[in-house]
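Asks: What follows is a single structure, and I will ask about it in a moment.
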Amino acid sequence: MLIFDLSKRGRKGYRLPELDVEEINLEEYLVQHYRQELKFPEVSELDAVRHYTRLSQLNYATDTTMVPLGSCTMKYNPRINEELSSLEGFKNLHPMTPEEYAQGTLELLYRLKELLKEIGGFYEVSLQPAAGAQGELLGLLLILAYHRDRGNLKKRTVLVPDTSHGTNPATASLCGFQVLTVKSGPNGELDWDDFKKKLTEETACLMITNPNTLGIFERKIREIAQALHEADALLYMDGANMNALVGVAQPGRWGVDVMHFNLHKTFSTPHGGGGPGGGAVGVSERLEPYLPVPLIKREGNRYYLEWERPKSVGKLLAFYGHAAVHIRALAYILSYGSRLKEVAQHAVLNARYLRKLLEGLFFDPYAHVPCMHEFVLSAQNLLRYEVNAMDVAKALLDEGFYAPTVYFPLTVKEALMIEPTETESPKTLEAFADALRRIVNKAEKEPHSLKKAPQKTPIRRIKEAEANRKPVLRASWA
């Protein structure tokens, strides 16, 4: 039901303060300047509240169910962090406020930066990127600036493992690099021989995800960093899977030159629906001069924004990132304190327990390798019943669970990438495993029924390709 279906002439669900500007007829103004036909719903406040509450109850979210999206870390985010980010002094601070009147917020951002430096083992951190993809962009811009500053214009290629995140090659291409794919070996890690063969004097960097998208830890990470540095190349690490490492390992100490943190994955901000985000970037000492302006600095008890950075790549984002995301991240880190490593320990434990519960239900291409925070199974064993990974994902919706990532990474046929996160209880993991067991049983006995899934959701199965190419972006009404 559309909110327009509830509309009745004369109803009003809002009260506005007394005007201190010239009054205009909003509907007439919008019609005159933007459209010829425009209708507003007229509903009471109660109708509006109930309508949007009903809509929210149709969603699958971490508040209502497990969302095991591999590599996305869709976990519960404590409400205390939301309350702190909504305090008046933070929420209503104008971004153009002079530094002397914003010392509290600047101190908060500085403390977060210093904690991220310690957590990641980096020389310096910029909080400016608005999301992981923008953090990637900044990482490649820093690497480009580093090589150009040294007069090394022959650095034209970026190595990207086939188990990296899909945005990595896109970011490298956007920055003008040629992308070379490095194969993975039988254990799911980067193929050392293929890596060494493709590492040349033209290599600018390697973009690696560790743990990779198979949920497997790259054990040769130090050797990889050393080989790159010997070739005057740098190591970029995608930090989207930091949920497996936080408080336990410091990538900067492995030789990683630049890594983005997903503050909206590892450190508490809900990131469904495309935002908001935080893609803070940590760097080694060699890349520090090129960080974007401004950087947050401290001088005695005063905090300020440093703009005089002659080698900086410039401004990446208006103002200084998403402050509310930074506040949530700091609250999250301080809440755990010295126990922060439990995030990674429980994430890995949950993934390994769930993987054990699912043993025998699906094909496990890397059963001989221990997983970290996530793992990838394959539904190819169900193809003989004409049931695929998409059918399994749709059927999970009828079971009350959101689906895992499907068909990624591309190295696994009919892939199901599952990440339970550290916030789910053993009882929930067992219920999820039971749901998949019922689905597999149905695939064996009545596979045709899975082709109709989901059947309990407001919207039944759509044609994905057609929905992508011909989306319905607006409602239509009489």
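By order in the structure tokens, chains are A, B, ...; within a chain, residues start at 1; ligands start at 1, following the order shown.
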Fewer than 3 positions away in the same chain doesn't count, so skip those; otherwise give me all residues within 12 Å of Gly239 (chain A), counting only C-alpha atoms, as JSON, numbers by chain.
Replies: {"A": [71, 72, 73, 119, 120, 131, 132, 133, 135, 136, 139, 164, 165, 168, 207, 208, 209, 210, 211, 212, 213, 236, 242, 243, 244, 245, 246, 250, 251, 252, 256, 258, 259, 260, 261, 262, 263, 264, 265, 266, 267, 278, 279, 280, 281, 282]}
Asks: If you run DSSP on this backbone, which residues of region 194-241 of chain A come out as strand (DSSP E), and could you give them as a PDB file with C-alpha atoms, in the first residue's frame?
Replies:
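After the write, states_8.pdb holds the following:
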```pdb
ATOM      1  CA  THR A 203      54.391  -2.729 -10.713  1.00  0.00           C
ATOM      2  CA  ALA A 204      53.091   0.151  -8.610  1.00  0.00           C
ATOM      3  CA  CYS A 205      51.465  -1.963  -5.915  1.00  0.00           C
ATOM      4  CA  LEU A 206      49.578  -5.105  -5.010  1.00  0.00           C
ATOM      5  CA  MET A 207      46.015  -4.735  -3.708  1.00  0.00           C
ATOM      6  CA  ILE A 208      45.361  -7.598  -1.347  1.00  0.00           C
ATOM      7  CA  THR A 209      42.504  -8.509   0.974  1.00  0.00           C
ATOM      8  CA  LEU A 234      53.915  -0.851  -2.355  1.00  0.00           C
ATOM      9  CA  LEU A 235      51.367  -3.027  -0.573  1.00  0.00           C
ATOM     10  CA  TYR A 236      47.762  -1.880  -0.364  1.00  0.00           C
ATOM     11  CA  MET A 237      45.463  -3.899   1.886  1.00  0.00           C
ATOM     12  CA  ASP A 238      41.690  -3.844   1.709  1.00  0.00           C
ATOM     13  CA  GLY A 239      40.563  -3.538   5.324  1.00  0.00           C
TER      14      GLY A 239
END
```
Asks: List every residue of region 121-198 of chain A that has an atom at most 10 Å from any atom of region 407-416 of chain A, and for each one report the closest atom pair and its distance in Å to one decimal, counting only C-alpha atoms, with rows sorted by chain and then by increasing residue number, as a Markdown table.
Replies:
```
| residue | atom | partner | partner_atom | distance |
| --- | --- | --- | --- | --- |
| A:Asp162 | CA | A:Thr411 | CA | 7.1 |
| A:Thr163 | CA | A:Pro409 | CA | 6.5 |
| A:Ser164 | CA | A:Pro409 | CA | 8.2 |
| A:His165 | CA | A:Pro409 | CA | 8.1 |
| A:Gly166 | CA | A:Pro409 | CA | 8.4 |
| A:Lys183 | CA | A:Thr411 | CA | 9.4 |
| A:Ser184 | CA | A:Thr411 | CA | 8.6 |
| A:Gly188 | CA | A:Thr411 | CA | 9.3 |
```
Asks: Just to be explicit: take each residue in the selection above, keep C-alpha atoms, and write the result as a JSON list (two decimals), in the first residue's frame.
Replies:
```json
[["chain", "number", "residue", "atom", "x", "y", "z"],
["A", 162, "ASP", "CA", 41.43, -13.10, -7.94],
["A", 163, "THR", "CA", 40.28, -13.38, -4.30],
["A", 164, "SER", "CA", 40.28, -9.63, -3.69],
["A", 165, "HIS", "CA", 37.20, -7.46, -3.37],
["A", 166, "GLY", "CA", 35.49, -6.50, -6.60],
["A", 183, "LYS", "CA", 45.74, -16.32, -9.48],
["A", 184, "SER", "CA", 45.04, -18.06, -6.21],
["A", 188, "GLY", "CA", 42.97, -20.38, -1.56]]
```
Asks: When DSSP is applied to the backbone of this structure, which of region 140-208 of chain A are assigned helix (DSSP H, G or I)? Write them out as a VMD selection string.
Replies: chain A and resid 140 to 149 167 to 174 192 to 198
Asks: List the neighbours of region 334-337 of chain A out to 12 Å using only C-alpha atoms; skip same-chain residues closer than 6 positions along the sequence, and give me the result as a list in words.
Replies: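 After dropping sequence-adjacent residues, the list is Pro78, Ile80, Asn81, Leu108, Arg111, Leu112, Leu115, Leu116, Ile119, Val246, Gly247, Phe267, Ser268, Ile327, Arg328, Val343 and Ala344 of chain A.
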Asks: I'd like the neighbourhood of region 294-310 of chain A as a PDB file with N, CA and C atoms, in the first residue's frame, where a residue qualifies if any of its atoms comes within 9 Å (using only C-alpha atoms), though same-chain residues fewer than 6 positions away should be ignored.
Replies:
```pdb
ATOM      1  N   GLU A  99      37.728  26.571  14.764  1.00  0.00           N
ATOM      2  CA  GLU A  99      38.384  25.517  15.539  1.00  0.00           C
ATOM      3  C   GLU A  99      38.274  25.725  17.039  1.00  0.00           C
ATOM      4  N   GLU A 100      38.382  26.994  17.483  1.00  0.00           N
ATOM      5  CA  GLU A 100      38.379  27.238  18.931  1.00  0.00           C
ATOM      6  C   GLU A 100      37.042  26.894  19.577  1.00  0.00           C
ATOM      7  N   ALA A 102      35.229  24.241  18.448  1.00  0.00           N
ATOM      8  CA  ALA A 102      34.968  22.835  18.112  1.00  0.00           C
ATOM      9  C   ALA A 102      36.018  21.919  18.720  1.00  0.00           C
ATOM     10  N   GLN A 103      36.608  22.344  19.827  1.00  0.00           N
ATOM     11  CA  GLN A 103      37.702  21.587  20.415  1.00  0.00           C
ATOM     12  C   GLN A 103      37.271  20.196  20.875  1.00  0.00           C
ATOM     13  N   GLY A 104      36.044  20.069  21.371  1.00  0.00           N
ATOM     14  CA  GLY A 104      35.573  18.763  21.834  1.00  0.00           C
ATOM     15  C   GLY A 104      35.510  17.748  20.713  1.00  0.00           C
ATOM     16  N   LEU A 106      37.041  17.971  17.774  1.00  0.00           N
ATOM     17  CA  LEU A 106      38.381  17.756  17.238  1.00  0.00           C
ATOM     18  C   LEU A 106      39.182  16.800  18.129  1.00  0.00           C
ATOM     19  N   GLU A 107      39.016  16.947  19.438  1.00  0.00           N
ATOM     20  CA  GLU A 107      39.703  16.020  20.345  1.00  0.00           C
ATOM     21  C   GLU A 107      39.206  14.595  20.132  1.00  0.00           C
ATOM     22  N   LEU A 109      37.947  13.273  17.402  1.00  0.00           N
ATOM     23  CA  LEU A 109      38.469  12.759  16.139  1.00  0.00           C
ATOM     24  C   LEU A 109      39.951  12.434  16.254  1.00  0.00           C
ATOM     25  N   TYR A 110      40.686  13.264  16.976  1.00  0.00           N
ATOM     26  CA  TYR A 110      42.115  13.003  17.164  1.00  0.00           C
ATOM     27  C   TYR A 110      42.330  11.705  17.945  1.00  0.00           C
ATOM     28  N   LYS A 113      41.696   8.776  15.706  1.00  0.00           N
ATOM     29  CA  LYS A 113      42.815   8.602  14.784  1.00  0.00           C
ATOM     30  C   LYS A 113      43.977   7.895  15.467  1.00  0.00           C
ATOM     31  N   VAL A 125      47.047   8.272  10.218  1.00  0.00           N
ATOM     32  CA  VAL A 125      45.695   7.912   9.765  1.00  0.00           C
ATOM     33  C   VAL A 125      44.955   9.170   9.332  1.00  0.00           C
ATOM     34  N   SER A 126      44.242   9.073   8.219  1.00  0.00           N
ATOM     35  CA  SER A 126      43.312  10.122   7.790  1.00  0.00           C
ATOM     36  C   SER A 126      41.894   9.592   7.951  1.00  0.00           C
ATOM     37  N   LEU A 127      41.035  10.411   8.564  1.00  0.00           N
ATOM     38  CA  LEU A 127      39.633  10.017   8.759  1.00  0.00           C
ATOM     39  C   LEU A 127      38.735  10.529   7.637  1.00  0.00           C
ATOM     40  N   GLN A 128      39.320  11.174   6.631  1.00  0.00           N
ATOM     41  CA  GLN A 128      38.515  11.904   5.656  1.00  0.00           C
ATOM     42  C   GLN A 128      37.646  11.042   4.740  1.00  0.00           C
ATOM     43  N   PHE A 319      34.551  19.154   3.933  1.00  0.00           N
ATOM     44  CA  PHE A 319      34.738  19.152   5.379  1.00  0.00           C
ATOM     45  C   PHE A 319      35.648  17.979   5.795  1.00  0.00           C
ATOM     46  N   TYR A 320      35.281  17.212   6.828  1.00  0.00           N
ATOM     47  CA  TYR A 320      36.229  16.203   7.303  1.00  0.00           C
ATOM     48  C   TYR A 320      35.530  14.878   7.598  1.00  0.00           C
TER      49      TYR A 320
END
```
Asks: Would you mind reading off the distance between CA of Arg355 (chain A) and CA of Lys445 (chain A), one decimal, in Å?
Replies: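 Answer for the CA of Arg355 (chain A) to CA of Lys445 (chain A) separation: 23.9 Å.
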Asks: Using only C-alpha atoms, which residues sit within 8 Å of region 144-155 of chain A once same-chain residues fewer than 6 positions away are excluded, as number ranges by chain?
Replies: A: 201-204, 286-287, 290, 313
Asks: Using Å and a single decimal, report how far CA of Pro98 (chain A) sits from CA of Pro292 (chain A).
Replies: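 Between CA of Pro292 (chain A) and CA of Pro98 (chain A) the gap works out to 20.0 Å.
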Asks: Do a neighbour search on Glu422 (chain A) at 7 Å with only C-alpha atoms, toss out local chain neighbours closer than 6 positions, and write the hits as a count of residues only.
Replies: 4
Asks: What's the 7 Å shell around region 5-16 of chain A, counting only C-alpha atoms, without same-chain residues fewer than 4 positions away, as a list in words?
Replies: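 Returned residues: Met1, Pro41, Glu42, Val43, Ser44 and Glu45 of chain A.
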